[in-house]
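Here's the structure we're looking at; comments come further down.
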Amino acid sequence: MASVKKNFLYQSAYEILVIILPLITSPYVSRVLGAKNLGIYSYTYSVAYYFSLFALLGIKYYGNRKIAQTKNSKTELAKVFSEILCIHLITSGIVFVLYLFYVSFFVNENKMYAYLQAMYVLGSVFDLNWFFFGMEKFDVTVKRNTIIKILTVLSIFAFVRSNSDLIIYIWIMALGNLFAQLYLWIVLKKEVSICKVSVKSSFRHLKPLCLLFIPLAASSIYQVLSKIILGNIAGEYQLGLFDNTQKLINIPMSLIIAFGNVMLPKMSNMFKNNDEEKGMAYLEKTIPLIMCIAFALCFGLMSVSETFAPVFWGEEFTEASRLVAINAIVIPFYAFANVLRTQFLIPRGKDIVYTFAIVGGALINIVANIILIPYYGAMGAVFGNVAAEVSVSIIQAIWLRKEVKIKKYLKLGIPFLTIGIIMSIVVKASEQVLEKNVIGLMCEVAIGALVYCLLSLTYFIKSKNEFVLSMLENVKRKWIK
C-alpha cells in the first residue's frame with residue numbers, strides 16, 4: 001500500500017503541474033495563433049498521433065503488465081524486456097518510414113507542418129515509459145516530464161509571438177516530446193540489462209501486442225478521428241473550438257489515468273502471484289477515491305464553463321462554454337471504466353473483454369459523428385464523445401457483473417454525485433454576483449473547491465476510508481512537523 005500511495009502522490013503532483021501549465025499557455029496560444037492555426041496544428045498532430053499509435057501497438061499496457069509480472073527475477077526481466085524492445089523497434093521503425101512516405105506523396109496542404117510532426121512519431125520509436133511504469137519507477141518519468149514541460153512552456157512564451165509562428169509552436173511541442181523519450185535511455189542501464197535475443201523469440205509478443213493495440217486504436221477514434229471528421233466537414237473554426245474543449249477535458253482526466261497507471265503494475269503483480277483477495281480489496285478501497293475525483297472534475301468544469309471559455313481563450317471561443325459543460329459528463333463514466341480495466345481486466349489478462357468494450361464505444365462514436373457533425377458541428381462531436389464513453393462503461397459493467405461487485409461500486413459514487421450537485425449550485429449562485437474576468441473565475445474555482453473538499457473530507461472521515469485517511473496521514477507527517 002505504501003508504494004501505491006507514494007507513486008500516486010508522485011503522479012498526482014505531476015498531473016497537477018500538467019493541469020496548471022496548459023491553463024497558463026492555452027489563453028496565450030489561443031490569442032496569438034488564433035482558432036484557424038490551432039485547427040491546422042490539431043489536424044497535422046492528429047494524423048501523426050495515429051501513426052504513433054501504430055508504432056506503439058499495445059505496448060503501453062502489454063509491456064507494463066509483462067514487466068510487472070517478471071520484475072522479481074533479473075534474468076527473466078532482462079529476457080522479456082529485450083524481446084519486447086526488439087519487436088517494438090522493428091514495428092515502430094517501419095511505421096516511422098511509412099509516415100515519411102505518406103507525407104511525401106499524399107499530403108498536399110500544410111506539408112511542412114506534417115514533416116515537423118514526424119518528430120512526434122519518432123518519439124514513439126524510442127518510447128520506454130512502459131518499462132518504467134511496469135517497474136513502478138514513477139519518480140523517473142515524473143522528474144523527466146516535469147523538466148520537459150516547464151522548458152516547453154518557457155519556450156512557447158519566448159518564441160511564439162505572432163500569428164505567423166505556428167511552425168515554431170510545432171517545433172517546440174514535437175521536440176519536447178522527442179527529448180522526453182530519449183532521456184529515458186540514459187537512465188535505462190541502471191534498471192535492466194539488454195541481452196541478446198532472437199527475432200523469432202521476440203515475435204511471440206507480437207500477437208498480444210496487436211490484441212491490446214485494437215482497443216487503444218479504437219479509443220483514439222473518439223479522441224482523434226472525431227477531429228479529422230469535424231475538420232473536413234465543419235471547417236477549421238469548429239475544429240479549433242472542439243480541440244480546445246478536448247484539451248481542457250483531457251487535462252483533469254489525466255489524474256484518473258495517472259491512478260490507473262500506478263495501479264496496473266501493482267495489480268498485475270498481485271494476480272500473477274495468485275494474491276487475488278488482496279487485489280480485490282485494493283479495488284474496493286480505491287473506487288471511492290476515484291469517483292470523488294471524477295465528480296469533482298465533472299461538476300467543477302460544468303459550473304465554471306460559462307466564465308472559463310471567454311476569459312481564458314478569448315471572446316472568439318465563447319461558444320466553447322456549452323461544449324465544455326456537455327463534454328464534462330464523460331468524466332465519471334470514463335473514471336469508472338478506467339478503474340475496471342486497469343485494476344481488473346488487463347491485470348487478469350481479460351484483453352478480449354477490454355477490446356470488445358472499447359471497439360463498441362468506437363463504433364458508436366463513428367456513427368454519432370457521421371450523423372451529428374453535419375448538423376451540429378463541434379457540438380455533434382461532443383455528443384459522439386459522450387455516447388462513446390458511456391457505452392464503454394456500460395459494456396464493461398455488464399460483462400463483469402458476475403465477477404465484481406458492480407452495484408456496490410456504483411453506490412460508492414452516489415455521495416460524490418450529491419456533493420458535486422451541491423457544489424455546482426453554490427458556484428452558480430456565486431456567479432451571479434461575480435464579474436466574468438480572471439478574478440471572478442478564480443473565486444468561482446476557490447468556492448467550488450472549498451465546498452467540495454470540505455464535504456468530501458467529512459464523508460471520508462465518517463465512512464473511515466482507509467486508503468484516503470492513510471494518504472492524509474502521510475501528507476500530515478511529511479509536511480506538518
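Letters A, B, ... mark the chains of the C-alpha cells in the order given; residue numbers begin at 1 per chain; ligand numbers begin at 1, in order shown.
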
Quick one: everything within 7 Å of stretch 47-49 of chain A, counting only C-alpha atoms, minus sequence neighbours fewer than 6 positions away in the same chain. Send it as JSON, numbers by chain.
{"A": [117, 118, 120, 121]}

What's the 12 Å shell around A:Thr418, counting only C-alpha atoms, without same-chain residues fewer than 6 positions away, as a list in words?
Met291, Cys292, Phe295, Ala296, Phe299, Lys411, Leu412, Ser424, Ile425, Tyr452, Leu455, Ser456 and Tyr459 of chain A

Applying 8 Å and only C-alpha atoms, which residues near A:Lys66 remain after dropping the ones on its own chain fewer than 3 positions away? List them as an MDAnalysis selection string.
chainID A and resid 62:63 69:70 80 134

Give the answer as one residue: which of A:Gly349, A:Gly34, A:Pro215, A:Pro332 has the shortest atom-to-atom distance to A:Gly361, using only C-alpha atoms?
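Using only C-alpha atoms, the shortest distance to A:Gly361 belongs to A:Pro215.
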
Name all residues at most 10 Å from A:Met379 (count only C-alpha atoms; drop same-chain ones fewer than 6 positions away) and give them as a PyMOL selection string.
chain A and resi 238+241-242+319-320+322-324+326-327+369+372-373+385

Which residues of stretch 170-234 of chain A have any atom within 12 Å of an atom in stretch 136-141 of chain A when counting only C-alpha atoms, and what is the closest pair of atoms for each, with the distance in Å to one decimal? Order the rows by chain and rising number and write it as a Markdown table.
```
| residue | atom | partner | partner_atom | distance |
| --- | --- | --- | --- | --- |
| A:Ala180 | CA | A:Thr141 | CA | 8.8 |
| A:Gln181 | CA | A:Thr141 | CA | 9.5 |
| A:Leu182 | CA | A:Thr141 | CA | 11.7 |
| A:Tyr183 | CA | A:Thr141 | CA | 9.4 |
| A:Leu184 | CA | A:Thr141 | CA | 7.8 |
| A:Trp185 | CA | A:Val140 | CA | 11.4 |
| A:Ile186 | CA | A:Val140 | CA | 11.1 |
| A:Val187 | CA | A:Val140 | CA | 8.4 |
| A:Leu188 | CA | A:Val140 | CA | 10.0 |
| A:Lys190 | CA | A:Val140 | CA | 11.4 |
| A:Glu191 | CA | A:Lys137 | CA | 9.5 |
```

Output for the residues just chosen: N, CA and C atoms as a compact mmCIF listing (two decimals), in the first residue's frame:
```
# COMPACT_ATOMS: atom_id res chain seq x y z
N ALA A 180 11.93 14.04 -24.35
CA ALA A 180 11.41 13.33 -23.17
C ALA A 180 11.62 11.83 -23.30
N GLN A 181 11.45 11.29 -24.51
CA GLN A 181 11.64 9.86 -24.73
C GLN A 181 13.12 9.48 -24.71
N LEU A 182 13.96 10.30 -25.31
CA LEU A 182 15.39 10.00 -25.39
C LEU A 182 16.04 9.99 -24.00
N TYR A 183 15.55 10.81 -23.10
CA TYR A 183 16.13 10.89 -21.76
C TYR A 183 16.08 9.54 -21.04
N LEU A 184 14.98 8.80 -21.22
CA LEU A 184 14.82 7.53 -20.51
C LEU A 184 15.89 6.51 -20.88
N TRP A 185 16.46 6.62 -22.07
CA TRP A 185 17.52 5.70 -22.48
C TRP A 185 18.78 5.93 -21.67
N ILE A 186 18.97 7.13 -21.17
CA ILE A 186 20.15 7.43 -20.36
C ILE A 186 20.10 6.70 -19.02
N VAL A 187 18.91 6.64 -18.42
CA VAL A 187 18.77 6.01 -17.10
C VAL A 187 18.41 4.53 -17.18
N LEU A 188 18.16 4.03 -18.38
CA LEU A 188 17.73 2.64 -18.55
C LEU A 188 18.76 1.64 -18.03
N LYS A 190 20.65 1.57 -15.63
CA LYS A 190 20.66 1.37 -14.18
C LYS A 190 19.59 0.38 -13.73
N GLU A 191 18.61 0.13 -14.60
CA GLU A 191 17.45 -0.67 -14.21
C GLU A 191 17.44 -2.08 -14.78
```

Write out as a list in words the residues lying within 7 Å of A:Ile233, counting only C-alpha atoms and excluding same-chain residues fewer than 3 positions away.
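My reading of the contact set: Ile229, Leu230 and Pro374 of chain A.
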
I need the residue nearest A:Lys74 from this list: A:Asn269, A:Asn261, A:Ser391, A:Ser193. Use only C-alpha atoms for the distance.
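The closest residue to A:Lys74 is A:Ser193.
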
Going by DSSP on the backbone, which bits of stretch 148-227 of chain A are alpha helix (DSSP H)? Write them as a PyMOL selection string, please.
chain A and resi 148-159+166-188+199-202+206-219+225-227

From A:Thr75, A:Asn163, A:Ser202, A:Asn64, residue lying nearest A:Met267 [only C-alpha atoms]:
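For A:Met267, the nearest of the given residues is A:Asn64.
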
Find the residue from A:Leu283, A:Ile346, A:Ile147, A:Val359 that sits nearest to A:Tyr14; use only C-alpha atoms when measuring.
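When distances to A:Tyr14 are compared using only C-alpha atoms, the smallest one comes from A:Ile147.
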
Can you pull out every residue within 12 Å of A:Val438, counting only C-alpha atoms, but drop anything in the same chain fewer than 5 positions away, and send it as a list in words?
Leu23, Ile24, Pro27, Val304, Thr307, Phe308, Ala309, Pro310, Val311, Phe312, Trp313, Gly314, Cys443, Glu444 and Val445 of chain A

Neighbour list for A:Val103 as a VMD selection string, cut-off 12 Å, only C-alpha atoms, skip fewer than 3 positions in-chain
chain A and resid 44 47 to 48 51 96 to 100 106 to 118

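Restricting the calculation to only C-alpha atoms, the smallest distance between A:Asp165 and any of A:Ser303, A:Asn37, A:Ser73, A:Ser220 is found for A:Asn37.
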
Minimum-distance residue to A:Glu316, chosen among A:Lys350, A:Arg31, A:Tyr61, A:Leu77 (using only C-alpha atoms)
A:Arg31
